[in-house]
file upload.csv (CSV, C-alpha atoms)
chain,number,residue,atom,x,y,z
A,1,MET,CA,35.2,-7.6,-24.6
A,2,GLU,CA,36.6,-4.7,-22.6
A,3,HIS,CA,36.0,-5.0,-18.9
A,4,GLY,CA,37.3,-3.9,-15.5
A,5,ILE,CA,37.0,-7.0,-13.4
A,6,VAL,CA,35.7,-10.6,-13.6
A,7,ILE,CA,33.6,-12.4,-11.0
A,8,VAL,CA,33.4,-16.1,-11.4
A,9,ALA,CA,30.0,-17.2,-10.2
A,10,SER,CA,29.3,-20.2,-12.5
A,11,GLY,CA,27.8,-22.3,-9.8
A,12,ALA,CA,27.7,-26.1,-9.7
A,13,GLU,CA,25.3,-28.9,-10.5
A,14,GLU,CA,23.5,-31.9,-8.8
A,15,TYR,CA,25.0,-35.3,-9.2
A,16,LYS,CA,22.7,-37.7,-11.1
A,17,PRO,CA,23.0,-41.0,-9.3
A,18,LYS,CA,23.8,-44.3,-11.1
A,19,GLU,CA,23.1,-46.3,-7.9
A,20,TYR,CA,20.0,-47.1,-5.8
A,21,LEU,CA,17.8,-47.8,-8.9
A,22,TYR,CA,17.7,-44.1,-9.7
A,23,GLY,CA,16.4,-43.6,-13.3
A,24,LYS,CA,15.1,-47.2,-13.3
A,25,ASP,CA,12.3,-46.8,-10.8
A,26,SER,CA,10.1,-43.7,-10.6
A,27,ARG,CA,9.8,-44.1,-6.8
A,28,VAL,CA,13.5,-43.2,-6.4
A,29,ILE,CA,14.1,-39.5,-6.6
A,30,THR,CA,16.5,-36.8,-5.4
A,31,GLN,CA,16.0,-34.1,-2.7
A,32,THR,CA,15.6,-31.5,-5.4
A,33,GLU,CA,12.9,-33.5,-7.1
A,34,LEU,CA,11.2,-34.1,-3.7
A,35,GLU,CA,11.0,-30.4,-3.0
A,36,LYS,CA,9.1,-29.8,-6.3
A,37,ARG,CA,6.6,-32.5,-5.4
A,38,LEU,CA,6.1,-31.3,-1.8
A,39,GLY,CA,4.3,-28.3,-3.4
A,40,THR,CA,1.7,-30.6,-4.9
A,41,SER,CA,-1.4,-30.8,-2.9
A,42,GLY,CA,-2.2,-34.2,-1.5
A,43,TYR,CA,1.1,-35.8,-2.6
A,44,VAL,CA,2.5,-36.5,0.8
A,45,ASP,CA,-0.9,-38.0,2.1
A,46,LYS,CA,-0.4,-40.9,-0.3
A,47,LEU,CA,2.9,-41.9,1.3
A,48,ASN,CA,3.1,-44.4,4.1
A,49,CYS,CA,6.8,-44.7,4.4
A,50,VAL,CA,9.7,-42.5,3.1
A,51,VAL,CA,13.4,-43.3,3.3
A,52,MET,CA,16.1,-40.7,2.7
A,53,ILE,CA,19.7,-41.9,2.0
A,54,GLN,CA,22.5,-39.4,2.6
A,55,CYS,CA,26.0,-39.0,1.0
A,56,VAL,CA,25.0,-40.4,-2.4
A,57,GLY,CA,27.9,-39.6,-4.7
A,58,SER,CA,30.0,-37.8,-2.1
A,59,ARG,CA,32.4,-38.7,0.7
A,60,ASP,CA,33.7,-41.6,-1.3
A,61,GLU,CA,36.9,-42.3,-3.4
A,62,ALA,CA,35.6,-40.4,-6.4
A,63,ARG,CA,34.4,-37.3,-4.4
A,64,PRO,CA,35.9,-37.3,-0.9
A,65,TYR,CA,34.4,-33.9,0.0
A,66,CYS,CA,31.2,-33.2,1.9
A,67,SER,CA,28.5,-31.4,0.0
A,68,ARG,CA,27.5,-29.5,3.1
A,69,VAL,CA,23.9,-28.7,2.4
A,70,CYS,CA,22.5,-32.3,1.9
A,71,CYS,CA,21.9,-33.0,5.6
A,72,GLY,CA,20.1,-29.7,6.2
A,73,GLU,CA,17.9,-30.1,3.1
A,74,ALA,CA,17.0,-33.7,4.0
A,75,VAL,CA,16.0,-32.9,7.5
A,76,LYS,CA,14.1,-29.8,6.4
A,77,ASN,CA,12.1,-31.9,3.8
A,78,ALA,CA,11.6,-34.6,6.4
A,79,VAL,CA,10.0,-32.0,8.7
A,80,LYS,CA,7.8,-30.8,5.9
A,81,ILE,CA,6.6,-34.3,5.2
A,82,LYS,CA,5.8,-34.9,8.9
A,83,GLU,CA,4.0,-31.6,9.2
A,84,LYS,CA,1.8,-32.3,6.2
A,85,SER,CA,1.2,-36.0,7.0
A,86,PRO,CA,2.1,-36.9,10.7
A,87,ASP,CA,1.2,-40.6,10.0
A,88,THR,CA,3.9,-41.0,7.3
A,89,ASP,CA,7.0,-42.8,8.6
A,90,VAL,CA,10.2,-41.0,7.6
A,91,PHE,CA,13.6,-42.7,8.0
A,92,VAL,CA,16.9,-40.9,7.3
A,93,LEU,CA,19.9,-43.2,6.7
A,94,TYR,CA,23.0,-41.2,7.4
A,95,ARG,CA,26.8,-41.5,7.8
A,96,ASP,CA,27.3,-38.3,9.8
A,97,MET,CA,24.5,-35.7,10.4
A,98,ARG,CA,26.1,-32.3,9.5
A,99,ALA,CA,23.2,-29.9,9.9
A,100,TYR,CA,25.5,-27.1,10.9
A,101,GLY,CA,24.6,-23.6,12.0
A,102,LEU,CA,20.9,-22.7,12.2
A,103,THR,CA,19.8,-25.8,10.3
A,104,GLU,CA,20.4,-27.7,13.5
A,105,SER,CA,16.9,-26.4,14.6
A,106,TYR,CA,15.5,-28.6,11.8
A,107,TYR,CA,17.2,-31.6,13.2
A,108,ASN,CA,15.8,-31.0,16.7
A,109,LYS,CA,12.3,-30.5,15.3
A,110,ALA,CA,12.6,-33.6,13.2
A,111,ARG,CA,13.4,-35.7,16.2
A,112,GLU,CA,10.4,-34.2,18.1
A,113,LEU,CA,8.1,-35.1,15.1
A,114,GLY,CA,9.3,-38.7,15.1
A,115,VAL,CA,11.7,-38.8,12.2
A,116,VAL,CA,13.9,-41.9,12.7
A,117,PHE,CA,17.7,-41.5,12.0
A,118,ILE,CA,19.7,-44.7,11.3
A,119,LEU,CA,23.5,-44.7,11.0
A,120,TYR,CA,25.2,-46.7,8.2
A,121,VAL,CA,28.9,-47.0,7.4
A,122,GLU,CA,30.6,-46.6,4.0
A,123,ASN,CA,31.5,-50.3,3.5
A,124,ASN,CA,28.0,-51.4,4.4
A,125,LYS,CA,25.7,-49.1,2.4
A,126,PRO,CA,21.9,-49.5,2.2
A,127,GLU,CA,20.5,-51.7,-0.5
A,128,ILE,CA,17.3,-51.3,-2.5
A,129,ALA,CA,15.3,-54.0,-4.2
A,130,THR,CA,11.8,-54.5,-5.5
A,131,LYS,CA,9.5,-56.9,-3.7
A,132,GLN,CA,6.7,-58.7,-5.6
A,133,LEU,CA,3.3,-58.6,-3.8
A,134,ARG,CA,-0.2,-59.6,-4.9
A,135,SER,CA,-1.1,-55.9,-5.1
A,136,GLY,CA,2.0,-55.2,-7.2
A,137,ASP,CA,5.7,-54.6,-6.6
A,138,ARG,CA,7.0,-52.6,-3.6
A,139,LEU,CA,10.3,-51.0,-2.9
A,140,SER,CA,12.3,-52.6,0.0
A,141,VAL,CA,15.3,-50.9,1.6
A,142,SER,CA,17.7,-53.0,3.6
A,143,VAL,CA,20.2,-51.4,6.1
A,144,TYR,CA,22.2,-52.6,9.0
A,145,ASP,CA,21.4,-50.7,12.2
A,146,PRO,CA,24.5,-50.8,14.5
A,147,ILE,CA,22.4,-49.8,17.6
A,148,VAL,CA,19.9,-52.6,17.2
A,149,GLY,CA,22.7,-54.9,15.9
A,150,GLU,CA,20.5,-56.3,13.1
A,151,GLN,CA,19.7,-55.9,9.4
A,152,LEU,CA,16.5,-53.9,9.0
A,153,SER,CA,14.2,-54.3,6.0
A,154,LEU,CA,11.8,-51.4,5.3
A,155,ASP,CA,8.9,-51.5,2.8
A,156,VAL,CA,8.8,-48.0,1.4
A,157,ASP,CA,6.7,-45.9,-1.0
A,158,LEU,CA,9.5,-43.4,-1.8
A,159,VAL,CA,13.3,-43.3,-1.6
A,160,VAL,CA,14.9,-39.9,-1.6
A,161,LEU,CA,18.6,-39.6,-2.4
A,162,SER,CA,20.6,-36.7,-1.0
A,163,THR,CA,23.1,-36.4,-3.9
A,164,ALA,CA,26.4,-34.6,-4.1
A,165,ILE,CA,27.1,-31.2,-5.5
A,166,ILE,CA,29.6,-31.5,-8.3
A,167,PRO,CA,31.5,-28.9,-10.4
A,168,PHE,CA,30.8,-28.3,-14.0
A,169,GLU,CA,33.1,-29.9,-16.5
A,170,GLU,CA,33.4,-26.5,-18.2
A,171,ASN,CA,35.3,-25.2,-15.2
A,172,LYS,CA,38.5,-26.6,-16.8
A,173,ILE,CA,38.0,-24.5,-19.9
A,174,LEU,CA,37.1,-21.4,-17.9
A,175,SER,CA,40.1,-21.8,-15.6
A,176,GLN,CA,42.4,-21.9,-18.7
A,177,LEU,CA,40.7,-18.8,-20.3
A,178,LEU,CA,41.0,-16.7,-17.1
A,179,LYS,CA,44.3,-18.3,-16.0
A,180,VAL,CA,42.9,-19.2,-12.5
A,181,PRO,CA,43.4,-22.5,-10.7
A,182,LEU,CA,41.1,-25.3,-9.7
A,183,ASN,CA,41.4,-27.5,-6.6
A,184,GLU,CA,41.6,-31.3,-6.7
A,185,ASP,CA,37.8,-31.6,-6.7
A,186,GLY,CA,37.4,-29.4,-9.7
A,187,PHE,CA,36.1,-26.2,-7.9
A,188,PHE,CA,37.9,-22.9,-8.3
A,189,LEU,CA,40.6,-22.2,-5.8
A,190,GLU,CA,41.0,-18.9,-4.0
A,191,ALA,CA,44.3,-17.1,-3.5
A,192,HIS,CA,44.3,-17.7,0.3
A,193,VAL,CA,41.5,-19.3,2.4
A,194,LYS,CA,42.0,-16.8,5.3
A,195,LEU,CA,43.6,-13.6,3.9
A,196,ARG,CA,42.1,-13.5,0.3
A,197,PRO,CA,39.0,-15.7,0.4
A,198,VAL,CA,37.2,-14.3,-2.7
A,199,ASP,CA,40.4,-13.3,-4.7
A,200,PHE,CA,42.3,-15.2,-7.3
A,201,ALA,CA,46.1,-14.8,-7.6
A,202,THR,CA,45.3,-13.3,-11.0
A,203,GLU,CA,44.5,-9.6,-10.4
A,204,GLY,CA,41.0,-8.4,-11.1
A,205,VAL,CA,39.4,-11.8,-11.0
A,206,PHE,CA,37.2,-12.8,-8.0
A,207,LEU,CA,34.9,-15.7,-7.2
A,208,CYS,CA,31.8,-16.5,-5.2
A,209,GLY,CA,29.0,-19.1,-4.7
A,210,MET,CA,29.2,-22.8,-5.6
A,211,ALA,CA,31.9,-22.2,-8.2
A,212,HIS,CA,34.1,-22.1,-5.1
A,213,GLY,CA,32.6,-25.2,-3.6
A,214,PRO,CA,29.4,-26.6,-2.0
A,215,LYS,CA,27.6,-24.0,0.2
A,216,SER,CA,24.2,-22.8,1.2
A,217,ILE,CA,22.3,-19.9,-0.3
A,218,GLU,CA,23.1,-17.7,2.7
A,219,GLU,CA,26.8,-18.4,2.4
A,220,SER,CA,26.7,-17.7,-1.4
A,221,ILE,CA,25.0,-14.4,-0.8
A,222,ALA,CA,27.6,-13.4,1.9
A,223,GLN,CA,30.4,-14.4,-0.4
A,224,ALA,CA,28.8,-12.4,-3.3
A,225,HIS,CA,28.8,-9.3,-1.1
A,226,ALA,CA,32.5,-9.8,-0.3
A,227,ALA,CA,33.3,-10.3,-4.0
A,228,VAL,CA,31.5,-7.1,-5.0
A,229,ALA,CA,33.3,-5.2,-2.2
A,230,ARG,CA,36.7,-6.4,-3.5
A,231,ALA,CA,35.7,-5.6,-7.1
A,232,SER,CA,34.7,-2.1,-6.1
A,233,THR,CA,38.2,-1.4,-4.8
A,234,ILE,CA,39.4,-1.7,-8.4
A,235,LEU,CA,36.4,-0.2,-10.3
A,236,SER,CA,36.4,2.9,-8.1
A,237,LYS,CA,39.9,3.9,-9.3
A,238,ASP,CA,41.0,5.6,-12.5
A,239,GLN,CA,44.4,4.0,-12.3
A,240,ILE,CA,45.9,1.0,-10.6
A,241,GLU,CA,49.2,1.3,-8.8
A,242,ALA,CA,51.5,-1.7,-9.6
A,243,GLU,CA,54.4,-3.0,-7.5
A,244,GLY,CA,57.7,-1.4,-8.6
A,245,THR,CA,59.7,-4.6,-7.9
A,246,ILE,CA,58.8,-6.6,-11.0
A,247,ALA,CA,60.7,-8.9,-13.3
A,248,PHE,CA,62.4,-7.7,-16.5
A,249,ILE,CA,64.1,-9.8,-19.2
A,250,ASN,CA,67.4,-9.5,-21.0
A,251,LYS,CA,66.3,-10.6,-24.5
A,252,ARG,CA,69.9,-11.2,-25.6
A,253,ARG,CA,70.3,-13.9,-23.0
A,254,CYS,CA,66.8,-15.4,-23.2
A,255,SER,CA,66.7,-18.8,-25.0
A,256,GLY,CA,62.9,-19.0,-25.1
A,257,CYS,CA,62.8,-22.3,-23.1
A,258,GLY,CA,59.5,-21.3,-21.4
A,259,THR,CA,60.5,-22.5,-17.9
A,260,CYS,CA,59.7,-19.1,-16.4
A,261,VAL,CA,56.2,-19.3,-17.9
A,262,VAL,CA,55.6,-22.6,-16.2
A,263,VAL,CA,56.7,-21.6,-12.7
A,264,CYS,CA,55.0,-18.2,-12.6
A,265,ALA,CA,52.1,-18.4,-10.2
A,266,TYR,CA,50.5,-15.2,-11.5
A,267,ASN,CA,50.6,-15.9,-15.2
A,268,ALA,CA,52.6,-12.8,-15.7
A,269,LEU,CA,55.0,-14.3,-18.3
A,270,GLU,CA,54.4,-15.6,-21.8
A,271,LEU,CA,56.5,-16.4,-24.8
A,272,ASP,CA,56.7,-14.1,-27.8
A,273,GLU,CA,56.1,-16.5,-30.8
A,274,LYS,CA,57.9,-14.2,-33.2
A,275,GLU,CA,61.0,-13.3,-31.2
A,276,LYS,CA,61.0,-16.6,-29.3
A,277,VAL,CA,61.8,-14.8,-26.0
A,278,ALA,CA,59.8,-14.4,-22.8
A,279,GLU,CA,57.8,-11.3,-22.0
A,280,VAL,CA,56.6,-9.9,-18.7
A,281,ASN,CA,53.2,-8.5,-18.1
A,282,SER,CA,54.1,-5.8,-15.6
A,283,ALA,CA,50.5,-5.4,-14.4
A,284,LEU,CA,50.3,-9.0,-13.3
A,285,CYS,CA,53.9,-9.5,-12.0
A,286,LYS,CA,54.2,-9.6,-8.2
A,287,GLY,CA,57.9,-9.6,-8.0
A,288,CYS,CA,58.1,-13.0,-6.2
A,289,GLY,CA,61.4,-13.9,-8.0
A,290,ALA,CA,60.4,-17.5,-8.9
A,291,CYS,CA,61.2,-16.9,-12.6
A,292,ALA,CA,64.6,-15.3,-11.9
A,293,ALA,CA,65.6,-18.2,-9.6
A,294,THR,CA,64.5,-20.7,-12.3
A,295,CYS,CA,66.0,-19.1,-15.4
A,296,ARG,CA,69.0,-21.2,-16.6
A,297,SER,CA,70.3,-18.4,-18.8
A,298,SER,CA,70.2,-15.7,-16.0
A,299,ALA,CA,68.1,-13.7,-18.4
A,300,ILE,CA,65.5,-12.6,-15.8
A,301,ASP,CA,66.1,-10.1,-12.9
A,302,LEU,CA,64.0,-8.1,-10.5
A,303,ASN,CA,64.1,-4.3,-10.3
A,304,GLY,CA,66.1,-3.5,-7.3
A,305,PHE,CA,67.3,-7.2,-6.9
A,306,THR,CA,69.6,-7.8,-9.9
A,307,ASN,CA,72.4,-10.3,-9.5
A,308,GLU,CA,75.0,-7.5,-9.4
A,309,GLU,CA,73.1,-5.7,-6.7
A,310,LEU,CA,72.7,-8.8,-4.6
A,311,ILE,CA,76.4,-9.7,-5.0
A,312,SER,CA,77.4,-6.2,-4.0
A,313,VAL,CA,75.2,-6.4,-0.8
A,314,VAL,CA,76.7,-9.7,0.1
A,315,SER,CA,80.2,-8.4,-0.5
A,316,SER,CA,79.5,-5.4,1.7
A,317,LEU,CA,78.2,-7.5,4.6
call {"tool": "encode", "arguments": {"input": "upload.csv", "output": "structure tokens"}}
result
Amino acid sequence: MEHGIVIVASGAEEYKPKEYLYGKDSRVITQTELEKRLGTSGYVDKLNCVVMIQCVGSRDEARPYCSRVCCGEAVKNAVKIKEKSPDTDVFVLYRDMRAYGLTESYYNKARELGVVFILYVENNKPEIATKQLRSGDRLSVSVYDPIVGEQLSLDVDLVVLSTAIIPFEENKILSQLLKVPLNEDGFFLEAHVKLRPVDFATEGVFLCGMAHGPKSIEESIAQAHAAVARASTILSKDQIEAEGTIAFINKRRCSGCGTCVVVCAYNALELDEKEKVAEVNSALCKGCGACAATCRSSAIDLNGFTNEELISVVSSL
């Protein structure tokens, strides 16, 4: 497919919990599922007590990162429950409340409406069990409250899990096809967090949204505008000016070992399977010199910076 640029906006997905009886008890749901039910008339009125558990599947050994939007969404939904049914008790079990930016207004409103926030630590997480009563079984949530200094037991009608945002497994395949990197968490990695926040090192490829990492809708939209602006700088031109200082290969010396291909950060080198020698894509080469410094056969040089020229400069000095 012929194209001018590529914008990676593949998004991310919600972590499906394996803990806290999720999938085993219909009264344990995620924040996304709660939002769908909040639109149902009379649903909240049937609830006497709701417990929300934060950081499910994130900020642990498997996923050390924060999913950013969980706290804001939990507090927003807690406010919605209290507005529809003021008599419903809502507890939010958290490790750190990170309702950053304008979402802090939800937090302040939740406190005013009577939402109770209880801190828990990673090595002492809440526990969920079913309690048998004459009228049927009931969910019970046990959590240690460090302020009270005691283990609390809450009989609840609904447990809502604030789950992690995780990258798609297909990101690995896409990163190989586009020759762009992933970070240690599996999200796409930009060229520079400050100077090139929506660019890849590979020219003509940009990113935005949750493909880059967990973020709110507002942040995704802002990043999308930035990606489009960067893409327009390429699409608006008939020709692209490339850097003159690029690598070139002396095929007589090249042994086809492939070391230069491995070290190139811009994927500008590849091996010719027929001739068994390396080739340079001049449009992708940035002239960093990593390949020339690595080549054991001295088969690679940079225009304007050949070995002979550098030796001549040193001799003159």
call {"tool": "closest_residue", "arguments": {"input": "upload.csv", "among": "A:Glu122, A:Asp199, A:Asp155, A:Glu308", "to": "Ser140 in chain A", "atoms": "all atoms listed in the file"}}
result
A:Asp155
call {"tool": "residues_around", "arguments": {"input": "upload.csv", "residues": "Val56 in chain A", "least_positions_apart": "5", "cutoff": "7 Å", "atoms": "only C-alpha atoms", "output": "list of chain:residue names"}}
result
A:Leu161, A:Ser162, A:Thr163, A:Ala164
call {"tool": "residues_around", "arguments": {"input": "upload.csv", "residues": "Ala99 in chain A", "least_positions_apart": "3", "cutoff": "8 Å", "atoms": "all atoms listed in the file", "output": "ChimeraX atom specification"}}
result
/A:69,71-72,102-104,107
call {"tool": "atom_distance", "arguments": {"input": "upload.csv", "atom1": "CA of Gly256 in chain A", "atom2": "CA of Glu203 in chain A"}}
result
25.4 Å
call {"tool": "atom_distance", "arguments": {"input": "upload.csv", "atom1": "CA of Tyr106 in chain A", "atom2": "CA of Lys76 in chain A"}}
result
5.7 Å
call {"tool": "closest_residue", "arguments": {"input": "upload.csv", "among": "A:Ile165, A:Val141, A:Ile118, A:Cys208", "to": "Ala224 in chain A", "atoms": "only C-alpha atoms"}}
result
A:Cys208
call {"tool": "atom_distance", "arguments": {"input": "upload.csv", "atom1": "CA of Ala201 in chain A", "atom2": "CA of Asn267 in chain A"}}
result
8.9 Å
call {"tool": "residues_around", "arguments": {"input": "upload.csv", "residues": "Ala268 in chain A", "least_positions_apart": "2", "cutoff": "6 Å", "atoms": "only C-alpha atoms", "output": "CSV table (one decimal) with C-alpha atoms, in the frame of the given file"}}
result
chain,number,residue,atom,x,y,z
A,266,TYR,CA,50.5,-15.2,-11.5
A,280,VAL,CA,56.6,-9.9,-18.7
A,281,ASN,CA,53.2,-8.5,-18.1
A,284,LEU,CA,50.3,-9.0,-13.3
A,285,CYS,CA,53.9,-9.5,-12.0
call {"tool": "axis_aligned_box", "arguments": {"input": "upload.csv", "around": "range 263-267 of chain A", "padding_each_side": "6 Å", "output": "AutoDock Vina command-line options"}}
result
--center_x 53.6 --center_y -18.4 --center_z -12.7 --size_x 18.2 --size_y 18.4 --size_z 17.0
call {"tool": "closest_residue", "arguments": {"input": "upload.csv", "among": "A:Pro181, A:Gly39, A:Pro197, A:Gly213", "to": "Ala226 in chain A", "atoms": "all atoms listed in the file"}}
result
A:Pro197
call {"tool": "closest_residue", "arguments": {"input": "upload.csv", "among": "A:Lys24, A:Pro126, A:Ala9, A:Lys80", "to": "Val51 in chain A", "atoms": "only C-alpha atoms"}}
result
A:Pro126
call {"tool": "residues_around", "arguments": {"input": "upload.csv", "residues": "Ile249 in chain A", "least_positions_apart": "2", "cutoff": "10 Å", "atoms": "all atoms listed in the file", "output": "list in words"}}
result
Ala247, Lys251, Arg252, Arg253, Cys254, Val277, Ala278, Glu279, Val280, Ala292, Ser298, Ala299, Ile300, Asp301 and Leu302 of chain A
call {"tool": "residues_around", "arguments": {"input": "upload.csv", "residues": "Leu154 in chain A", "least_positions_apart": "6", "cutoff": "12 Å", "atoms": "all atoms listed in the file", "output": "JSON, numbers by chain"}}
result
{"A": [48, 49, 50, 51, 52, 89, 90, 91, 92, 93, 118, 126, 127, 128, 129, 130, 131, 138, 139, 140, 141, 142, 143, 144, 145]}
call {"tool": "decode", "arguments": {"input": "upload.csv", "residues": "range 49-61 of chain A", "atoms": "N, CA and C atoms", "output": "compact mmCIF listing (two decimals), in the first residue's frame"}}
result
# COMPACT_ATOMS: atom_id res chain seq x y z
N CYS A 49 -24.84 -0.89 49.50
CA CYS A 49 -23.41 -0.64 49.75
C CYS A 49 -22.59 -1.04 48.53
N VAL A 50 -21.71 -0.16 48.08
CA VAL A 50 -20.83 -0.41 46.94
C VAL A 50 -19.39 -0.18 47.38
N VAL A 51 -18.51 -1.13 47.04
CA VAL A 51 -17.08 -0.99 47.35
C VAL A 51 -16.30 -0.97 46.04
N MET A 52 -15.43 0.01 45.89
CA MET A 52 -14.54 0.10 44.72
C MET A 52 -13.11 -0.19 45.16
N ILE A 53 -12.44 -1.06 44.43
CA ILE A 53 -11.05 -1.42 44.74
C ILE A 53 -10.15 -0.91 43.62
N GLN A 54 -9.18 -0.09 43.98
CA GLN A 54 -8.28 0.53 43.02
C GLN A 54 -7.04 -0.33 42.74
N CYS A 55 -6.35 0.01 41.65
CA CYS A 55 -5.05 -0.60 41.29
C CYS A 55 -5.15 -2.12 41.13
N VAL A 56 -6.21 -2.58 40.48
CA VAL A 56 -6.34 -4.02 40.23
C VAL A 56 -5.61 -4.35 38.93
N GLY A 57 -4.52 -5.09 39.03
CA GLY A 57 -3.74 -5.46 37.86
C GLY A 57 -2.68 -4.46 37.46
N SER A 58 -2.51 -3.40 38.23
CA SER A 58 -1.46 -2.42 37.93
C SER A 58 -0.72 -2.05 39.21
N ARG A 59 0.44 -1.41 39.03
CA ARG A 59 1.31 -1.03 40.14
C ARG A 59 1.70 -2.26 40.97
N ASP A 60 2.02 -3.33 40.26
CA ASP A 60 2.52 -4.54 40.91
C ASP A 60 3.74 -5.03 40.13
N GLU A 61 4.23 -6.22 40.44
CA GLU A 61 5.43 -6.72 39.77
C GLU A 61 5.19 -6.95 38.28
